[in-house]
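> Data file query_16.cif (mmCIF, N, CA and C atoms) is appended below.
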data_entry
loop_
_atom_site.label_atom_id
_atom_site.label_comp_id
_atom_site.auth_asym_id
_atom_site.auth_seq_id
_atom_site.Cartn_x
_atom_site.Cartn_y
_atom_site.Cartn_z
N MET A 143 79.49 176.79 36.26
CA MET A 143 80.31 177.97 36.51
C MET A 143 81.69 177.70 35.91
N PHE A 144 82.13 178.57 35.01
CA PHE A 144 83.36 178.39 34.26
C PHE A 144 84.33 179.55 34.48
N ALA A 145 85.60 179.29 34.16
CA ALA A 145 86.63 180.33 34.18
C ALA A 145 87.64 180.01 33.10
N VAL A 146 88.28 181.04 32.56
CA VAL A 146 89.37 180.86 31.61
C VAL A 146 90.61 181.54 32.19
N SER A 147 91.76 181.02 31.82
CA SER A 147 93.00 181.52 32.40
C SER A 147 94.16 181.30 31.44
N GLY A 148 95.28 181.96 31.75
CA GLY A 148 96.48 181.77 30.96
C GLY A 148 97.64 182.57 31.51
N GLY A 149 98.83 182.22 31.03
CA GLY A 149 100.04 182.91 31.46
C GLY A 149 100.05 184.37 31.07
N ASP A 150 99.45 184.71 29.94
CA ASP A 150 99.29 186.09 29.51
C ASP A 150 98.00 186.17 28.69
N PRO A 151 96.86 186.33 29.36
CA PRO A 151 95.58 186.30 28.66
C PRO A 151 95.34 187.46 27.70
N THR A 152 96.26 188.41 27.64
CA THR A 152 96.08 189.53 26.71
C THR A 152 96.60 189.20 25.31
N GLN A 153 97.37 188.14 25.15
CA GLN A 153 97.92 187.78 23.85
C GLN A 153 96.80 187.43 22.87
N PHE A 154 96.99 187.74 21.59
CA PHE A 154 95.94 187.52 20.60
C PHE A 154 95.53 186.05 20.53
N TRP A 155 96.49 185.14 20.60
CA TRP A 155 96.17 183.72 20.52
C TRP A 155 95.41 183.27 21.77
N ALA A 156 95.77 183.83 22.93
CA ALA A 156 95.05 183.51 24.17
C ALA A 156 93.62 184.02 24.11
N GLN A 157 93.46 185.23 23.59
CA GLN A 157 92.12 185.80 23.44
C GLN A 157 91.26 184.92 22.54
N GLY A 158 91.84 184.46 21.44
CA GLY A 158 91.09 183.60 20.52
C GLY A 158 90.66 182.30 21.17
N ARG A 159 91.55 181.69 21.91
CA ARG A 159 91.23 180.42 22.58
C ARG A 159 90.16 180.63 23.65
N MET A 160 90.30 181.68 24.44
CA MET A 160 89.32 181.95 25.49
C MET A 160 87.95 182.26 24.89
N LYS A 161 87.95 183.10 23.87
CA LYS A 161 86.68 183.48 23.24
C LYS A 161 86.02 182.26 22.61
N GLY A 162 86.79 181.44 21.91
CA GLY A 162 86.23 180.24 21.29
C GLY A 162 85.66 179.27 22.31
N PHE A 163 86.36 179.09 23.43
CA PHE A 163 85.89 178.21 24.49
C PHE A 163 84.59 178.76 25.08
N GLU A 164 84.60 180.04 25.39
CA GLU A 164 83.42 180.67 25.98
C GLU A 164 82.22 180.56 25.04
N GLU A 165 82.41 180.86 23.77
CA GLU A 165 81.31 180.79 22.81
C GLU A 165 80.80 179.36 22.64
N GLY A 166 81.72 178.41 22.60
CA GLY A 166 81.33 177.00 22.46
C GLY A 166 80.53 176.50 23.66
N ILE A 167 80.99 176.86 24.86
CA ILE A 167 80.26 176.45 26.07
C ILE A 167 78.89 177.09 26.11
N LYS A 168 78.81 178.39 25.81
CA LYS A 168 77.52 179.08 25.87
C LYS A 168 76.55 178.57 24.81
N ALA A 169 77.07 178.12 23.67
CA ALA A 169 76.20 177.53 22.65
C ALA A 169 75.63 176.19 23.13
N ALA A 170 76.44 175.43 23.85
CA ALA A 170 76.00 174.12 24.35
C ALA A 170 75.22 174.22 25.65
N ILE A 171 75.58 175.20 26.47
CA ILE A 171 74.93 175.39 27.79
C ILE A 171 74.55 176.86 27.90
N PRO A 172 73.39 177.24 27.38
CA PRO A 172 73.01 178.66 27.32
C PRO A 172 73.05 179.41 28.65
N ASP A 173 72.79 178.72 29.76
CA ASP A 173 72.79 179.42 31.05
C ASP A 173 74.14 179.34 31.77
N ALA A 174 75.19 178.92 31.05
CA ALA A 174 76.53 178.85 31.64
C ALA A 174 76.98 180.24 32.07
N GLN A 175 77.66 180.29 33.21
CA GLN A 175 78.18 181.55 33.71
C GLN A 175 79.70 181.47 33.73
N PHE A 176 80.35 182.59 33.39
CA PHE A 176 81.80 182.68 33.38
C PHE A 176 82.25 183.70 34.42
N VAL A 177 83.04 183.25 35.38
CA VAL A 177 83.62 184.15 36.36
C VAL A 177 84.68 185.00 35.67
N THR A 178 85.47 184.36 34.81
CA THR A 178 86.42 185.08 33.96
C THR A 178 86.18 184.63 32.53
N GLY A 179 86.32 185.56 31.60
CA GLY A 179 86.14 185.27 30.18
C GLY A 179 87.26 185.93 29.40
N ALA A 180 87.09 186.00 28.10
CA ALA A 180 88.12 186.60 27.25
C ALA A 180 88.42 188.04 27.65
N ALA A 181 87.44 188.75 28.12
CA ALA A 181 87.64 190.15 28.49
C ALA A 181 88.41 190.32 29.80
N ASN A 182 88.38 189.28 30.65
CA ASN A 182 89.04 189.41 31.95
C ASN A 182 89.66 188.08 32.40
N GLY A 183 90.33 187.40 31.49
CA GLY A 183 90.93 186.10 31.80
C GLY A 183 91.87 186.16 33.00
N LEU A 184 91.87 185.12 33.79
CA LEU A 184 92.73 185.03 34.97
C LEU A 184 94.18 184.94 34.53
N ASN A 185 94.99 185.90 34.96
CA ASN A 185 96.41 185.94 34.60
C ASN A 185 97.20 185.12 35.62
N THR A 186 97.69 183.96 35.19
CA THR A 186 98.39 183.06 36.11
C THR A 186 99.90 183.17 36.02
N SER A 187 100.44 183.80 35.02
CA SER A 187 101.86 183.88 34.70
C SER A 187 102.34 182.53 34.17
N TYR A 188 103.59 182.50 33.73
CA TYR A 188 104.18 181.27 33.22
C TYR A 188 105.08 180.62 34.27
N GLU A 189 105.15 181.19 35.45
CA GLU A 189 106.00 180.67 36.52
C GLU A 189 105.20 179.66 37.34
N PRO A 190 105.68 178.42 37.46
CA PRO A 190 104.91 177.37 38.15
C PRO A 190 104.45 177.74 39.55
N GLY A 191 105.34 178.24 40.40
CA GLY A 191 104.94 178.57 41.77
C GLY A 191 103.90 179.67 41.81
N LYS A 192 104.08 180.69 41.01
CA LYS A 192 103.13 181.80 40.99
C LYS A 192 101.78 181.33 40.43
N ALA A 193 101.81 180.52 39.36
CA ALA A 193 100.56 180.02 38.78
C ALA A 193 99.79 179.20 39.81
N TYR A 194 100.47 178.34 40.53
CA TYR A 194 99.84 177.54 41.57
C TYR A 194 99.19 178.44 42.62
N ASP A 195 99.92 179.45 43.08
CA ASP A 195 99.37 180.37 44.08
C ASP A 195 98.16 181.12 43.56
N VAL A 196 98.21 181.56 42.28
CA VAL A 196 97.08 182.29 41.69
C VAL A 196 95.85 181.38 41.64
N TYR A 197 96.03 180.14 41.19
CA TYR A 197 94.89 179.22 41.13
C TYR A 197 94.33 178.91 42.51
N ARG A 198 95.19 178.70 43.49
CA ARG A 198 94.72 178.43 44.86
C ARG A 198 93.90 179.61 45.39
N SER A 199 94.42 180.81 45.20
CA SER A 199 93.69 182.01 45.65
C SER A 199 92.38 182.16 44.91
N PHE A 200 92.41 181.96 43.60
CA PHE A 200 91.21 182.10 42.78
C PHE A 200 90.14 181.10 43.21
N LEU A 201 90.51 179.84 43.39
CA LEU A 201 89.53 178.82 43.77
C LEU A 201 89.01 179.04 45.18
N THR A 202 89.84 179.54 46.06
CA THR A 202 89.39 179.85 47.42
C THR A 202 88.36 180.97 47.39
N ALA A 203 88.58 181.97 46.55
CA ALA A 203 87.65 183.10 46.44
C ALA A 203 86.43 182.78 45.58
N ASN A 204 86.51 181.73 44.75
CA ASN A 204 85.42 181.37 43.84
C ASN A 204 85.11 179.87 43.96
N PRO A 205 84.61 179.43 45.10
CA PRO A 205 84.41 177.99 45.32
C PRO A 205 83.33 177.36 44.45
N ASN A 206 82.54 178.16 43.75
CA ASN A 206 81.49 177.62 42.88
C ASN A 206 81.97 177.33 41.47
N VAL A 207 83.21 177.72 41.13
CA VAL A 207 83.75 177.42 39.80
C VAL A 207 83.87 175.91 39.65
N GLN A 208 83.38 175.40 38.53
CA GLN A 208 83.40 173.96 38.29
C GLN A 208 84.40 173.55 37.21
N PHE A 209 84.80 174.52 36.38
CA PHE A 209 85.63 174.16 35.24
C PHE A 209 86.54 175.33 34.88
N ILE A 210 87.84 175.04 34.73
CA ILE A 210 88.82 176.07 34.36
C ILE A 210 89.52 175.65 33.08
N GLU A 211 89.49 176.53 32.09
CA GLU A 211 90.29 176.31 30.89
C GLU A 211 91.57 177.11 31.04
N ASN A 212 92.71 176.47 30.79
CA ASN A 212 93.98 177.17 30.72
C ASN A 212 94.40 177.15 29.26
N VAL A 213 94.68 178.31 28.69
CA VAL A 213 94.93 178.41 27.25
C VAL A 213 96.39 178.13 26.87
N ASP A 214 97.23 177.85 27.84
CA ASP A 214 98.63 177.55 27.50
C ASP A 214 99.17 176.44 28.38
N ILE A 215 100.22 176.70 29.15
CA ILE A 215 100.94 175.62 29.84
C ILE A 215 100.59 175.43 31.31
N GLY A 216 99.64 176.14 31.86
CA GLY A 216 99.45 176.16 33.30
C GLY A 216 98.43 175.21 33.90
N ALA A 217 97.78 174.38 33.12
CA ALA A 217 96.72 173.52 33.68
C ALA A 217 97.24 172.60 34.77
N GLU A 218 98.46 172.15 34.65
CA GLU A 218 98.99 171.25 35.69
C GLU A 218 99.04 171.94 37.05
N HIS A 219 99.24 173.26 37.05
CA HIS A 219 99.28 174.00 38.31
C HIS A 219 97.87 174.21 38.87
N ALA A 220 96.90 174.36 37.98
CA ALA A 220 95.50 174.41 38.41
C ALA A 220 95.12 173.08 39.04
N ASP A 221 95.55 171.98 38.42
CA ASP A 221 95.25 170.66 38.95
C ASP A 221 95.86 170.46 40.34
N ARG A 222 97.08 170.93 40.53
CA ARG A 222 97.73 170.83 41.86
C ARG A 222 96.95 171.64 42.90
N ALA A 223 96.49 172.83 42.49
CA ALA A 223 95.72 173.67 43.43
C ALA A 223 94.40 173.00 43.79
N ILE A 224 93.75 172.42 42.80
CA ILE A 224 92.48 171.71 43.05
C ILE A 224 92.70 170.59 44.06
N LYS A 225 93.74 169.82 43.84
CA LYS A 225 94.05 168.71 44.74
C LYS A 225 94.38 169.23 46.15
N SER A 226 95.18 170.28 46.24
CA SER A 226 95.59 170.79 47.55
C SER A 226 94.40 171.33 48.35
N LEU A 227 93.37 171.78 47.64
CA LEU A 227 92.18 172.32 48.31
C LEU A 227 91.10 171.25 48.53
N GLY A 228 91.39 170.01 48.11
CA GLY A 228 90.42 168.93 48.27
C GLY A 228 89.20 169.10 47.39
N MET A 229 89.39 169.68 46.20
CA MET A 229 88.27 169.96 45.31
C MET A 229 88.16 168.97 44.15
N GLN A 230 88.87 167.83 44.22
CA GLN A 230 88.76 166.84 43.16
C GLN A 230 87.32 166.37 43.05
N GLY A 231 86.86 166.20 41.84
CA GLY A 231 85.48 165.80 41.60
C GLY A 231 84.50 166.96 41.63
N LYS A 232 84.99 168.14 41.98
CA LYS A 232 84.15 169.35 42.01
C LYS A 232 84.61 170.37 40.97
N VAL A 233 85.93 170.40 40.70
CA VAL A 233 86.50 171.33 39.74
C VAL A 233 87.34 170.53 38.74
N PHE A 234 87.18 170.86 37.46
CA PHE A 234 87.88 170.16 36.39
C PHE A 234 88.61 171.16 35.50
N THR A 235 89.60 170.68 34.76
CA THR A 235 90.39 171.56 33.90
C THR A 235 90.47 171.01 32.49
N ILE A 236 90.83 171.91 31.58
CA ILE A 236 91.22 171.56 30.23
C ILE A 236 92.54 172.27 29.97
N ALA A 237 93.50 171.53 29.41
CA ALA A 237 94.82 172.08 29.17
C ALA A 237 94.91 172.62 27.74
N GLY A 238 95.49 173.79 27.61
CA GLY A 238 95.61 174.42 26.31
C GLY A 238 96.84 174.00 25.53
N THR A 239 97.81 173.41 26.16
CA THR A 239 99.02 172.99 25.48
C THR A 239 99.40 171.60 25.98
N PRO A 240 99.44 170.62 25.08
CA PRO A 240 99.86 169.29 25.52
C PRO A 240 101.28 169.33 26.09
N ARG A 241 101.42 168.86 27.30
CA ARG A 241 102.71 168.80 27.99
C ARG A 241 102.75 167.53 28.82
N ARG A 242 103.93 167.03 29.00
CA ARG A 242 104.09 165.84 29.82
C ARG A 242 103.51 166.07 31.22
N GLY A 243 103.65 167.27 31.77
CA GLY A 243 103.13 167.56 33.10
C GLY A 243 101.62 167.61 33.17
N ASN A 244 100.95 167.86 32.05
CA ASN A 244 99.49 167.94 32.05
C ASN A 244 98.82 166.59 31.96
N TRP A 245 99.30 165.72 31.10
CA TRP A 245 98.55 164.52 30.77
C TRP A 245 98.27 163.59 31.95
N PRO A 246 99.21 163.36 32.87
CA PRO A 246 98.89 162.44 33.98
C PRO A 246 97.70 162.89 34.81
N ARG A 247 97.41 164.17 34.86
CA ARG A 247 96.28 164.64 35.65
C ARG A 247 94.96 164.12 35.10
N SER A 248 94.90 163.87 33.80
CA SER A 248 93.65 163.39 33.22
C SER A 248 93.31 162.02 33.77
N ARG A 249 94.32 161.25 34.10
CA ARG A 249 94.07 159.93 34.65
C ARG A 249 93.65 160.01 36.11
N LYS A 250 93.81 161.13 36.73
CA LYS A 250 93.43 161.29 38.13
C LYS A 250 92.06 161.95 38.25
N GLY A 251 91.40 162.20 37.12
CA GLY A 251 90.04 162.71 37.14
C GLY A 251 89.88 164.21 37.26
N THR A 252 90.97 164.96 37.25
CA THR A 252 90.86 166.41 37.34
C THR A 252 90.82 167.02 35.95
N GLN A 253 91.80 166.70 35.14
CA GLN A 253 91.86 167.24 33.78
C GLN A 253 91.03 166.38 32.86
N VAL A 254 90.08 166.98 32.16
CA VAL A 254 89.19 166.21 31.31
C VAL A 254 89.57 166.24 29.84
N ALA A 255 90.47 167.16 29.44
CA ALA A 255 90.87 167.23 28.04
C ALA A 255 92.14 168.05 27.88
N GLN A 256 92.81 167.82 26.75
CA GLN A 256 93.93 168.65 26.31
C GLN A 256 93.62 169.07 24.89
N LEU A 257 93.93 170.30 24.58
CA LEU A 257 93.74 170.79 23.22
C LEU A 257 94.94 170.39 22.38
N ASP A 258 94.69 169.92 21.18
CA ASP A 258 95.77 169.64 20.24
C ASP A 258 95.85 170.85 19.33
N GLN A 259 96.83 171.68 19.58
CA GLN A 259 96.94 172.94 18.84
C GLN A 259 97.43 172.75 17.42
N ARG A 260 98.01 171.61 17.12
CA ARG A 260 98.61 171.38 15.81
C ARG A 260 99.46 172.59 15.44
N TRP A 261 100.31 172.99 16.37
CA TRP A 261 101.12 174.19 16.22
C TRP A 261 101.80 174.29 14.86
N PRO A 262 102.38 173.22 14.32
CA PRO A 262 103.03 173.36 13.01
C PRO A 262 102.07 173.79 11.90
N ASP A 263 100.79 173.48 12.05
CA ASP A 263 99.83 173.83 11.00
C ASP A 263 99.29 175.25 11.13
N GLN A 264 99.64 175.94 12.21
CA GLN A 264 99.16 177.30 12.39
C GLN A 264 100.07 178.27 11.65
N ALA A 265 99.51 179.33 11.21
CA ALA A 265 100.26 180.44 10.59
C ALA A 265 101.10 180.00 9.40
N GLY A 266 100.64 178.95 8.70
CA GLY A 266 101.34 178.55 7.48
C GLY A 266 102.61 177.74 7.71
N PHE A 267 102.84 177.26 8.95
CA PHE A 267 104.04 176.49 9.21
C PHE A 267 103.87 175.01 8.91
N GLY A 268 102.66 174.58 8.59
CA GLY A 268 102.39 173.16 8.39
C GLY A 268 102.73 172.71 6.99
N ARG A 269 102.22 171.54 6.65
CA ARG A 269 102.48 170.97 5.34
C ARG A 269 101.96 171.90 4.26
N CYS A 270 102.64 171.90 3.16
CA CYS A 270 102.15 172.67 2.02
C CYS A 270 100.95 171.97 1.43
N ARG A 271 100.00 172.71 1.11
CA ARG A 271 98.84 172.15 0.45
C ARG A 271 98.72 172.75 -0.95
N LEU A 272 99.85 173.28 -1.40
CA LEU A 272 99.87 173.86 -2.73
C LEU A 272 99.91 172.75 -3.77
N ARG A 273 99.22 172.94 -4.80
CA ARG A 273 99.14 171.95 -5.86
C ARG A 273 100.53 171.65 -6.42
N GLY A 274 100.83 170.38 -6.58
CA GLY A 274 102.09 169.99 -7.18
C GLY A 274 103.21 169.70 -6.19
N LEU A 275 103.05 170.10 -4.95
CA LEU A 275 104.08 169.81 -3.95
C LEU A 275 103.71 168.53 -3.21
N PRO A 276 104.69 167.66 -2.94
CA PRO A 276 104.37 166.39 -2.29
C PRO A 276 103.94 166.57 -0.85
N GLU A 277 103.05 165.71 -0.41
CA GLU A 277 102.64 165.66 0.99
C GLU A 277 103.66 164.82 1.75
N ALA A 278 103.66 164.95 3.07
CA ALA A 278 104.52 164.11 3.89
C ALA A 278 104.03 162.67 3.80
N GLY A 279 104.90 161.73 4.00
CA GLY A 279 104.52 160.32 3.95
C GLY A 279 105.61 159.52 3.28
N ARG A 280 105.22 158.51 2.52
CA ARG A 280 106.18 157.65 1.85
C ARG A 280 105.93 157.69 0.35
N ASP A 281 107.02 157.66 -0.42
CA ASP A 281 106.86 157.64 -1.87
C ASP A 281 106.62 156.20 -2.31
N SER A 282 106.54 155.98 -3.64
CA SER A 282 106.22 154.66 -4.17
C SER A 282 107.27 153.61 -3.81
N ALA A 283 108.49 154.04 -3.52
CA ALA A 283 109.55 153.10 -3.13
C ALA A 283 109.56 152.85 -1.62
N GLY A 284 108.67 153.49 -0.88
CA GLY A 284 108.60 153.30 0.56
C GLY A 284 109.52 154.22 1.35
N THR A 285 110.19 155.15 0.66
CA THR A 285 111.08 156.09 1.34
C THR A 285 110.27 157.19 1.99
N ARG A 286 110.61 157.51 3.22
CA ARG A 286 109.89 158.59 3.95
C ARG A 286 110.23 159.94 3.32
N ARG A 287 109.18 160.72 3.05
CA ARG A 287 109.37 162.07 2.49
C ARG A 287 108.91 163.09 3.50
N ARG A 288 109.46 164.27 3.40
CA ARG A 288 109.00 165.42 4.19
C ARG A 288 108.36 166.40 3.24
N SER A 289 107.39 167.12 3.76
CA SER A 289 106.77 168.15 2.94
C SER A 289 107.76 169.28 2.69
N ARG A 290 107.60 169.90 1.57
CA ARG A 290 108.42 171.08 1.28
C ARG A 290 107.86 172.28 2.01
N PRO A 291 108.72 173.20 2.43
CA PRO A 291 108.19 174.41 3.08
C PRO A 291 107.42 175.26 2.08
N CYS A 292 106.45 175.96 2.56
CA CYS A 292 105.65 176.84 1.70
C CYS A 292 106.40 178.09 1.34
#
Would you encode the structure as C-alpha coordinates?

Amino acid sequence: MFAVSGGDPTQFWAQGRMKGFEEGIKAAIPDAQFVTGAANGLNTSYEPGKAYDVYRSFLTANPNVQFIENVDIGAEHADRAIKSLGMQGKVFTIAGTPRRGNWPRSRKGTQVAQLDQRWPDQAGFGRCRLRGLPEAGRDSAGTRRRSRPC
(Lines of atoms letter the chains of each structure in order from A and count residues from 1; the text may use other names and numbers.)
(Lines give C-alpha, C1' and ligand atoms only; values in the text may rest on other atoms or scores of the structure.)
Protein backbone atom coordinates (compact mmCIF):
# COMPACT_ATOMS: atom_id res chain seq x y z
CA MET A 1 0.00 0.00 0.00
CA PHE A 2 1.60 3.24 -1.20
CA ALA A 3 0.96 7.00 -1.04
CA VAL A 4 2.53 10.05 -2.65
CA SER A 5 2.65 13.50 -1.12
CA GLY A 6 4.13 16.96 -1.43
CA GLY A 7 3.95 20.57 -0.36
CA ASP A 8 2.03 21.41 -3.54
CA PRO A 9 1.20 18.24 -5.48
CA THR A 10 -0.40 20.23 -8.30
CA GLN A 11 2.95 21.61 -9.53
CA PHE A 12 4.15 20.16 -12.84
CA TRP A 13 7.41 18.88 -11.34
CA ALA A 14 5.52 17.28 -8.43
CA GLN A 15 3.13 15.63 -10.86
CA GLY A 16 6.06 14.23 -12.83
CA ARG A 17 7.75 12.81 -9.75
CA MET A 18 4.54 11.28 -8.40
CA LYS A 19 3.59 9.79 -11.76
CA GLY A 20 7.09 8.38 -12.31
CA PHE A 21 7.15 6.83 -8.84
CA GLU A 22 3.68 5.34 -9.26
CA GLU A 23 4.50 3.91 -12.70
CA GLY A 24 7.81 2.49 -11.49
CA ILE A 25 6.24 0.80 -8.47
CA LYS A 26 3.37 -0.63 -10.51
CA ALA A 27 5.81 -1.99 -13.09
CA ALA A 28 7.78 -3.75 -10.33
CA ILE A 29 4.78 -4.70 -8.17
CA PRO A 30 1.73 -5.09 -10.45
CA ASP A 31 -0.74 -5.51 -7.59
CA ALA A 32 0.51 -2.42 -5.71
CA GLN A 33 -2.25 -0.14 -4.49
CA PHE A 34 -1.99 3.64 -4.13
CA VAL A 35 -4.12 5.46 -1.57
CA THR A 36 -2.93 8.70 -3.18
CA GLY A 37 -1.37 9.05 -6.61
CA ALA A 38 -0.50 11.77 -9.08
CA ALA A 39 -4.19 12.56 -9.55
CA ASN A 40 -4.82 13.06 -5.84
CA GLY A 41 -1.46 13.50 -4.08
CA LEU A 42 -1.58 14.28 -0.38
CA ASN A 43 -1.09 18.03 0.06
CA THR A 44 1.14 18.49 3.11
CA SER A 45 2.12 22.16 2.62
CA TYR A 46 5.66 23.45 3.07
CA GLU A 47 5.10 24.41 6.71
CA PRO A 48 6.75 21.90 9.10
CA GLY A 49 4.03 21.91 11.77
CA LYS A 50 1.21 21.63 9.27
CA ALA A 51 3.00 18.90 7.29
CA TYR A 52 3.52 16.89 10.47
CA ASP A 53 -0.17 17.23 11.38
CA VAL A 54 -1.27 16.22 7.86
CA TYR A 55 0.93 13.11 7.92
CA ARG A 56 -0.26 12.13 11.42
CA SER A 57 -3.90 12.49 10.38
CA PHE A 58 -3.31 10.66 7.10
CA LEU A 59 -1.55 7.72 8.74
CA THR A 60 -4.19 7.49 11.46
CA ALA A 61 -6.91 7.32 8.80
CA ASN A 62 -4.87 4.97 6.55
CA PRO A 63 -3.06 2.52 8.87
CA ASN A 64 -2.42 0.06 6.02
CA VAL A 65 -0.14 2.46 4.10
CA GLN A 66 3.36 0.99 4.06
CA PHE A 67 5.29 3.51 2.01
CA ILE A 68 5.04 7.29 1.46
CA GLU A 69 6.92 9.20 -1.20
CA ASN A 70 7.34 12.91 -0.57
CA VAL A 71 8.25 14.74 -3.78
CA ASP A 72 9.90 17.73 -2.11
CA ILE A 73 11.04 18.75 1.39
CA GLY A 74 8.51 17.13 3.72
CA ALA A 75 9.74 13.57 4.27
CA GLU A 76 11.31 14.46 7.59
CA HIS A 77 7.86 15.43 8.87
CA ALA A 78 6.39 12.15 7.65
CA ASP A 79 9.17 10.38 9.53
CA ARG A 80 8.35 12.29 12.73
CA ALA A 81 4.66 11.37 12.36
CA ILE A 82 5.54 7.71 11.82
CA LYS A 83 7.67 7.72 14.96
CA SER A 84 5.05 9.54 17.04
CA LEU A 85 2.44 6.94 16.06
CA GLY A 86 4.76 4.02 16.83
CA MET A 87 4.71 2.87 13.20
CA GLN A 88 8.47 2.39 12.73
CA GLY A 89 9.15 -0.78 10.80
CA LYS A 90 5.62 -0.65 9.34
CA VAL A 91 5.73 2.58 7.30
CA PHE A 92 8.70 3.83 5.28
CA THR A 93 9.45 7.00 3.32
CA ILE A 94 11.45 8.26 0.39
CA ALA A 95 12.55 11.90 0.35
CA GLY A 96 12.21 13.92 -2.81
CA THR A 97 14.76 16.58 -1.93
CA PRO A 98 18.06 15.88 -0.18
CA ARG A 99 18.09 17.94 3.01
CA ARG A 100 20.07 17.78 6.19
CA GLY A 101 16.80 17.12 8.07
CA ASN A 102 15.94 14.11 5.90
CA TRP A 103 19.13 12.09 5.86
CA PRO A 104 19.41 11.14 9.57
CA ARG A 105 16.04 9.40 9.36
CA SER A 106 17.49 6.85 6.94
CA ARG A 107 19.80 5.68 9.68
CA LYS A 108 16.82 5.14 11.97
CA GLY A 109 15.15 2.76 9.53
CA THR A 110 12.21 4.93 8.48
CA GLN A 111 13.51 6.66 5.37
CA VAL A 112 14.79 4.16 2.83
CA ALA A 113 15.98 6.55 0.09
CA GLN A 114 16.50 10.13 -1.04
CA LEU A 115 16.16 11.22 -4.62
CA ASP A 116 19.11 13.03 -6.14
CA GLN A 117 17.39 15.58 -8.30
CA ARG A 118 20.61 16.91 -9.81
CA TRP A 119 18.80 20.24 -9.81
CA PRO A 120 21.56 22.09 -11.68
CA ASP A 121 21.23 19.64 -14.58
CA GLN A 122 17.49 20.20 -14.95
CA ALA A 123 16.05 22.68 -17.42
CA GLY A 124 19.43 23.36 -19.04
CA PHE A 125 21.07 24.77 -15.90
CA GLY A 126 23.76 22.07 -15.80
CA ARG A 127 27.07 21.71 -17.55
CA CYS A 128 27.15 22.54 -21.20
CA ARG A 129 27.38 19.54 -23.36
CA LEU A 130 27.78 21.58 -26.48
CA ARG A 131 30.65 20.61 -28.66
CA GLY A 132 33.76 22.70 -28.14
CA LEU A 133 32.94 23.99 -24.67
CA PRO A 134 35.06 22.68 -21.79
CA GLU A 135 33.60 20.37 -19.18
CA ALA A 136 34.04 21.07 -15.47
CA GLY A 137 37.15 19.57 -13.93
CA ARG A 138 40.85 20.32 -14.19
CA ASP A 139 42.83 21.44 -17.20
CA SER A 140 46.23 20.01 -18.21
CA ALA A 141 47.98 22.29 -15.69
CA GLY A 142 45.77 20.99 -12.86
CA THR A 143 43.80 24.23 -12.54
CA ARG A 144 40.13 23.77 -11.62
CA ARG A 145 37.78 24.87 -14.42
CA ARG A 146 34.09 25.61 -14.38
CA SER A 147 31.78 24.83 -17.22
CA ARG A 148 30.62 27.71 -19.32
CA PRO A 149 26.92 28.57 -19.15
CA CYS A 150 24.84 27.40 -22.07
> List the neighbours of Phe234 in chain A out to 8 Å using only C-alpha atoms; skip same-chain residues closer than 3 positions along the sequence, and give me the result as a PyMOL selection string.
chain A and resi 208-210+221+230-231+251-254
> I want to know what sits within 8 Å of Met160 in chain A, based on only N, CA and C atoms, with residues of the same chain fewer than 5 positions away left out; could you give that as a VMD selection string?
chain A and resid 146 to 147 154 to 155 165 to 166 179 to 181 183 211 to 213
> Which one of A:Ala255, A:Ile215, A:Leu201, A:Ile167 sits closest to Thr235 in chain A if you count all atoms listed in the file?
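Under the stated criterion, the closest residue is A:Ala255.
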> So what do you get for atom N of Asp173 in chain A versus CA of Ala145 in chain A, distance-wise?
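So the two atoms, atom N of Asp173 in chain A and CA of Ala145 in chain A, lie 14.6 Å apart.
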> Could you check which of A:Phe163, A:Ala170, A:Gly149, A:Val233 is closest to Asn206 in chain A, using all atoms listed in the file?
A:Val233
> Taking (104.6, 174.3, 38.4) in the file's coordinates as the center, which residues reach within 8 Å of it, counting all atoms listed in the file, put as number ranges by chain?
A: 188-194, 216, 218-220
> Could you write those residues out with N, CA and C atoms, as a PDB file, keeping the file's coordinate frame?

ATOM      1  N   TYR A 188     103.590 182.500  33.730  1.00  0.00           N
ATOM      2  CA  TYR A 188     104.180 181.270  33.220  1.00  0.00           C
ATOM      3  C   TYR A 188     105.080 180.620  34.270  1.00  0.00           C
ATOM      4  N   GLU A 189     105.150 181.190  35.450  1.00  0.00           N
ATOM      5  CA  GLU A 189     106.000 180.670  36.520  1.00  0.00           C
ATOM      6  C   GLU A 189     105.200 179.660  37.340  1.00  0.00           C
ATOM      7  N   PRO A 190     105.680 178.420  37.460  1.00  0.00           N
ATOM      8  CA  PRO A 190     104.910 177.370  38.150  1.00  0.00           C
ATOM      9  C   PRO A 190     104.450 177.740  39.550  1.00  0.00           C
ATOM     10  N   GLY A 191     105.340 178.240  40.400  1.00  0.00           N
ATOM     11  CA  GLY A 191     104.940 178.570  41.770  1.00  0.00           C
ATOM     12  C   GLY A 191     103.900 179.670  41.810  1.00  0.00           C
ATOM     13  N   LYS A 192     104.080 180.690  41.010  1.00  0.00           N
ATOM     14  CA  LYS A 192     103.130 181.800  40.990  1.00  0.00           C
ATOM     15  C   LYS A 192     101.780 181.330  40.430  1.00  0.00           C
ATOM     16  N   ALA A 193     101.810 180.520  39.360  1.00  0.00           N
ATOM     17  CA  ALA A 193     100.560 180.020  38.780  1.00  0.00           C
ATOM     18  C   ALA A 193      99.790 179.200  39.810  1.00  0.00           C
ATOM     19  N   TYR A 194     100.470 178.340  40.530  1.00  0.00           N
ATOM     20  CA  TYR A 194      99.840 177.540  41.570  1.00  0.00           C
ATOM     21  C   TYR A 194      99.190 178.440  42.620  1.00  0.00           C
ATOM     22  N   GLY A 216      99.640 176.140  31.860  1.00  0.00           N
ATOM     23  CA  GLY A 216      99.450 176.160  33.300  1.00  0.00           C
ATOM     24  C   GLY A 216      98.430 175.210  33.900  1.00  0.00           C
ATOM     25  N   GLU A 218      98.460 172.150  34.650  1.00  0.00           N
ATOM     26  CA  GLU A 218      98.990 171.250  35.690  1.00  0.00           C
ATOM     27  C   GLU A 218      99.040 171.940  37.050  1.00  0.00           C
ATOM     28  N   HIS A 219      99.240 173.260  37.050  1.00  0.00           N
ATOM     29  CA  HIS A 219      99.280 174.000  38.310  1.00  0.00           C
ATOM     30  C   HIS A 219      97.870 174.210  38.870  1.00  0.00           C
ATOM     31  N   ALA A 220      96.900 174.360  37.980  1.00  0.00           N
ATOM     32  CA  ALA A 220      95.500 174.410  38.410  1.00  0.00           C
ATOM     33  C   ALA A 220      95.120 173.080  39.040  1.00  0.00           C
TER      34      ALA A 220
END
> What does the distance from atom C of Gln256 in chain A to CA of Ser199 in chain A come to in Å, to one decimal?
24.5 Å
> Rank nothing, just name the residue among A:Gly148, A:Asp214, A:Ala223, A:Thr186 nearest to Gly238 in chain A, using all atoms listed in the file.
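The closest residue to Gly238 in chain A is A:Asp214.
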> Write down as a ChimeraX atom specification the residues of range 159-206 of chain A whose backbone DSSP state falls under alpha helix (DSSP H).
/A:159-170,190-203
> Between atom C of Gln175 in chain A and atom N of Met143 in chain A, what is the distance, to one decimal in Å?
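According to the coordinates, atom C of Gln175 in chain A and atom N of Met143 in chain A are separated by 5.3 Å.
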> Padding of 6 Å on every side, edges along x, y and z, all listed atoms of range 170-179 of chain A included: what centre and edge lengths in Å, to one decimal, does that box have, as lines of an AutoDock Vina configuration file?

center_x = 80.0
center_y = 180.0
center_z = 30.1
size_x = 26.5
size_y = 23.8
size_z = 24.5
